[in-house]
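Worksheet: the structure to be examined is printed underneath.
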Amino acid sequence: MSLRKKTFLLLALSFVALITLLSLSSRYIFTNKFEKIEHNLAHKNLVRAKLALKSQFRSLSSFLVDWSAWDDTYVFMKDHNAEYIKSNLGPESFEQQGISFMIYADASNRVIWGKQYDPVTGRLETADPDIIENIPYYNLQVSHKKNIHDTDLIRVSDKLYAVAFHRVTRSDFSGEPRGIMVAGRVIDRKFTEKLIDRTAMDLQLTTITSIKSLNPAEKKLIRKLRSSSSYPDSFITEARGKDIQGYTFLADSSGEGGLLLKVSNQQVILANGKRAVRMNSIILMGIGLAFTLAIMILFERLFLSRISVLTEQVKKLGESREDNRELIKQIDRSTNDEISKLAGSIADAASELNENKAFLDTVINTIDSGIMLVDPANEEIVLLNRNAEKMTGASVGENMKELCGSEMDYSSQICSFKDINDESIVTLRGVSQVKKNGKDLLLVTLTDISELLEAQKSLRLSERTYKTIFRNTGTASIMISDDMSIILANREFSNMAGISRKRIEGQMKWTEFFHPEDVERMKEYHRLRRKDESLAPRSYEARFIGGGQKIRYVQMTVGMMPDGINSIASMLDITAQKEAARKLSYQAFHDSLTGLPNRFLLMDRMSHSMTVAQRENKTVGVFMVDLDRFKIINDSMGHNHGDIVLKQVSQRLSAALRKRDTLARFGGDEFIVIIEDAENGSDLANIAEKLLESLSFPFMVDNTELYVQASIGIAVYPSDGDTPDTLIKNADLAMYRSKEMGRNRYSLFTEEMDLITRRRVKVEHELRAAVSAGKIEVYFQPIIDMRTGGIARLEALARWKDSKGKMVSPADFIPVAEESGLIVELDRLVMTKACQMVNNINMLSEKPIQLSVNLSARHFDTNRLPEFILGTLDQLEFPRELMTIEITETCLMTNMETAIPMLSRIRDAGVEISLDDFGTGYSSLGYLQKLPISSLKIDRSFVSIITGKGGANMKLAQAIISLARNLSLQVVAEGVETREQLTFLTKNDCEFAQGYLFSKPVPENELKDLLKLNFLEDQD
């Protein structure tokens, strides 16, 4: 193809490519912009339509709020006067307000007046019974919230209604409400037409009876709307042909159906934009074509015609066999552009050729080898250099066959000659075809190799000696060539490989005997070693694959041979040493019971995960998993059974995780999970739920079913910490939050938890100092004898003021004391101070007052509780019969095995035991009979609901009192705050009561006045 054609083709292709690129890019960019504008416009119209729909709902609600607050309506709810009905509840009111039904009902769900408007007949009919059935639901809603009014979607008799409800009150909201008003507006074709008129949009309202009955496409659409994070304010826009359709969904009260709003918008902007883009492409094509033709004409005048002339001149130079000086002068070098410079270069090159011919003759005659040109037709010598004459003694015109004694061919071979000194020499002959002046000739080269042959003979002797030494080294060894093939292999290598030397030597490469993962590294060493031996290690480890594909670890020692090409490699089998090291490493970094990574390996993996996450801008989730009440299993069944459960727990947690996740045993019954590549909190929540679900099934230990639950805390890198210790600490805080919320759940760490922890640390620090200094105050709350009205017993309660003198709530410092272990010293301090104070009171009173002291579950951790209580009472000379020890039900049930023997000793010594907070734990009747208690305290949560609606609460309290009486136990009701509660307890023969109705906890100096009171008379 000529240069002209190539140039024209190149310009044409460039033009087509440019126009195509511009056209496609403009279509892509502008079309996407137009589509985005259309979608945004459709979304705005959809939002406006939904707001208009909700405005219709709010107008119904506003209407109902106005009517329910009329004083006439308030009076009507009581006297049901016909005048109100005549004036306000006629068909014209329904028509004017667009109401489909209206119902008045009192607080007992009795319908006072309820009608439904028939727009066909214009008459009022009895309200649909299905609508009336919902009256209790609306009454329940307004009973929980004052002045509630709302709009709901309900389906009745295959019709969808927008329903509003509101309680009936006076206009000034005084007095008790007299029931509720409920009004509804049917969503039908007329409702839709009004909405269309109001919005001036092409919209459609579709009432859906049941989502389940829809076709798959409709189900998918509604599922997508409801699954959106912005639901119920979620929207979907889709392009359908020339239109864009927008959808949003409002669910009815049942959640099974609802209202689907669809708005259609024509894509006018997109259509106009596409036409503009097409017109722009046509204009660009015209401009580009004209530009291409102009460039082609310019190229022809400036370059192509001159290049054609120069090409012809070069061709003539190449064909000329005579003196080229005249042709060189004809080359045009007049201008000063690149083509003229090229022409000058060609002329200079032609001049140099003449000079080089003479130079070449000189060079050929100085080469050490003999060079001859031979005519293959008659094998006569045409040309030879001085060395060829010296080696062969021949001259031009002699026959080559007579000199070497063989047929001429193109292969190299050995030839012997008698040189000009009549001495025998051996040469290596090379023959190749050349052309001279268009004639085929043979170029024959002769190289003297007489000395080389002598050296080879000596080398073969040395090689045999070396092979003998190599094959008897006693270590598996091979000789490797530059192409990685095995030249030699000794007996030890053959035995290790399980292949005979015959099959190895010269047939196989060393790469076939090593693990694929090691081969690339070893090949790099092989390459570097041949470049410079110091660049590759002389000794390193690798995995050798021997007979039966058995993998062995070997210590490689590799060195280069003097030739710099081949190398020697010896292999020492270190498999036994590696296995021993692997076992030691495994034991050092894995838990001996479960086989999971231990704390050391956990911290290493966590650091690695955090490094990767930081580099790739990702997150790492850290889970602290703590088994709930696992101590009960160890205490009741023994640590061997506990270990079996821990193994099964580790197996289930591992099965619930992905392979790339890390599960480690942190210690005891705590596990830590590292989750990489979690995109958001919901991913971590899903994993936590899987872990909890994996533990929900029973564990079988010695044919016994055991149920184990766990509390999980989650911290996320980098938001919750940037070090492993910080993440573990924060995950631990979140785990304790899960336990506080009831266990068997997960919690994500929040900054609030950290603040709570800081506050707890501060509280613990100040509380420890206060306990050490004895700065805990003792307050007393009286327990009233329901038969006499006097104080029967005083309950000692700890009170504490912080460093600023502010009273700290027991709900804030008691849990801190429990967690830190300070509760033991706190209980001792309160008991000592209370005994001293009550002793002082009893010395001045005629009838001694009993004392109740609360004790924590921490006291059951040792067997010293009886000695502590009895020793303290004896030391303070406090009568044992006046002391009552209060133990919570949960504490007693958790420490059943150790608590009962200790409490029995205390009771037998004359001290009474009371079961506190009864009803909040899980004790059974059988356990109550075994417990060494003399009384029980009904928890305040039961007392507070005695006077609530329904008889179930009263019956429950009566059952507890009756249960205690049948077990010969005294009953104390705590948290009594109202006269109604007191009356109930008196009627049901409850012996003792305590609460703010009688007295709040008071310091010692206020007890004197309380001891004189009869609390039952004061209540009268």
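As shown in the structure tokens, the chain order sets the letters A, B, ...; within each chain, residues go from 1, and ligands are also counted from 1 in the order they appear.
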
> Using only C-alpha atoms, which residues sit within 9 Å of Lys274 of chain A once same-chain residues fewer than 3 positions away are excluded, as a list of chain:residue names?
Replying inline: A:Arg27, A:Phe30, A:Thr31, A:Phe34, A:Ile269, A:Leu270, A:Ala271, A:Val277, A:Arg278, A:Met279

>> Quick check for you: according to DSSP on this backbone, which residues of segment 655-854 of chain A are classed as strand (DSSP E or B)? Reply as a ChimeraX atom specification.
In response: /A:662-667,670-676,699-701,704-706,710-717,746-748,777-785,791-801,807-808,850-854

> In Å to one decimal, how far is atom CA of Arg582 of chain A from atom CA of Leu601 of chain A?
Replying inline: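 We find that atom CA of Leu601 of chain A and atom CA of Arg582 of chain A lie 14.3 Å from each other.
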
>> Taking 6 positions as the minimum chain separation for residues in the same chain, which residues sit within 6 Å of Leu443 of chain A when counting only C-alpha atoms? Answer as a ChimeraX atom specification.
In response: /A:372-373,431-432

> Quick one, how far is atom CA of Lys806 of chain A from atom CA of Ala770 of chain A?
Replying inline: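 A separation of 13.2 Å between them.
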
>> Taking 5 positions as the minimum chain separation for residues in the same chain, which residues sit within 10 Å of Arg240 of chain A when counting only C-alpha atoms? Answer as a list in words.
In response: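 The neighbour list is Gln245, Ser264, Asn265, Gln266 and Gln267 of chain A.
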
>> What parts of segment 761-953 of chain A does DSSP call alpha helix (DSSP H)? I'd like the answer as a VMD selection string.
In response: chain A and resid 761 to 773 810 to 820 822 to 844 865 to 875 889 to 894 896 to 908 925 to 930 940 to 943 952 to 953

Who sits within 10 Å of segment 970-978 of chain A, only C-alpha atoms, same chain under 4 positions skipped, as a compact mmCIF listing (two decimals) with C-alpha atoms, in the first residue's frame:
```txt
# COMPACT_ATOMS: atom_id res chain seq x y z
CA ILE A 783 -41.67 -1.68 108.81
CA ILE A 784 -45.19 -1.26 110.25
CA ASP A 785 -47.09 -3.91 112.23
CA MET A 786 -50.48 -3.97 110.46
CA SER A 914 -36.13 -12.80 105.30
CA LEU A 915 -36.51 -13.46 101.53
CA ASP A 916 -36.40 -10.01 99.90
CA ASP A 917 -37.92 -8.95 96.52
CA PHE A 918 -40.06 -12.11 96.40
CA ILE A 933 -36.44 -18.32 106.15
CA SER A 934 -38.97 -16.89 108.59
CA SER A 935 -40.53 -14.20 106.39
CA LEU A 936 -40.75 -12.96 102.83
CA LYS A 937 -41.12 -9.46 101.37
CA ILE A 938 -43.49 -9.03 98.43
CA ASP A 939 -41.63 -7.03 95.79
CA ARG A 940 -42.86 -3.47 95.22
CA SER A 941 -43.64 -4.31 91.58
CA PHE A 942 -46.53 -6.53 92.77
CA VAL A 943 -47.76 -4.03 95.37
CA SER A 944 -47.83 -1.18 92.82
CA THR A 947 -55.20 -1.43 92.55
CA ALA A 957 -51.05 -10.66 95.52
CA ILE A 960 -48.61 -14.77 97.55
CA ILE A 961 -50.02 -13.82 100.96
CA SER A 962 -51.91 -17.12 101.16
CA LEU A 963 -48.81 -19.07 100.12
CA ALA A 964 -46.71 -17.44 102.85
CA ARG A 965 -49.41 -18.09 105.49
CA LEU A 982 -53.06 -0.27 102.41
CA THR A 983 -56.79 -1.12 102.48
CA LEU A 985 -53.37 -5.46 102.39
CA ASP A 989 -54.43 -10.05 106.54
CA CYS A 990 -50.96 -8.94 105.44
CA GLU A 991 -48.99 -8.74 108.70
CA PHE A 992 -46.41 -6.08 107.91
CA ALA A 993 -46.08 -3.20 105.44
CA GLN A 994 -43.39 -0.72 104.41
CA GLY A 995 -43.40 2.25 102.09
CA TYR A 996 -43.53 6.00 101.54
CA LEU A 997 -47.16 6.04 102.67
CA PHE A 998 -45.78 5.61 106.20
CA SER A 999 -42.31 7.11 105.97
CA GLN A 1019 -53.86 7.29 107.82
```

> Which residue, A:Gly393, A:Ile574, A:Met479, A:Ile487, has the smallest gap to Met561 of chain A when you use only C-alpha atoms?
Replying inline: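 For Met561 of chain A, the nearest of the candidates is A:Met479.
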
> Can you tell me, as a list in words, what residues are no more than 9 Å from Leu870 of chain A when counting only C-alpha atoms, ignoring any on the same chain fewer than 5 positions away?
Replying inline: Leu865, Gln875, Arg880, Ile906, Ala909 and Val911 of chain A
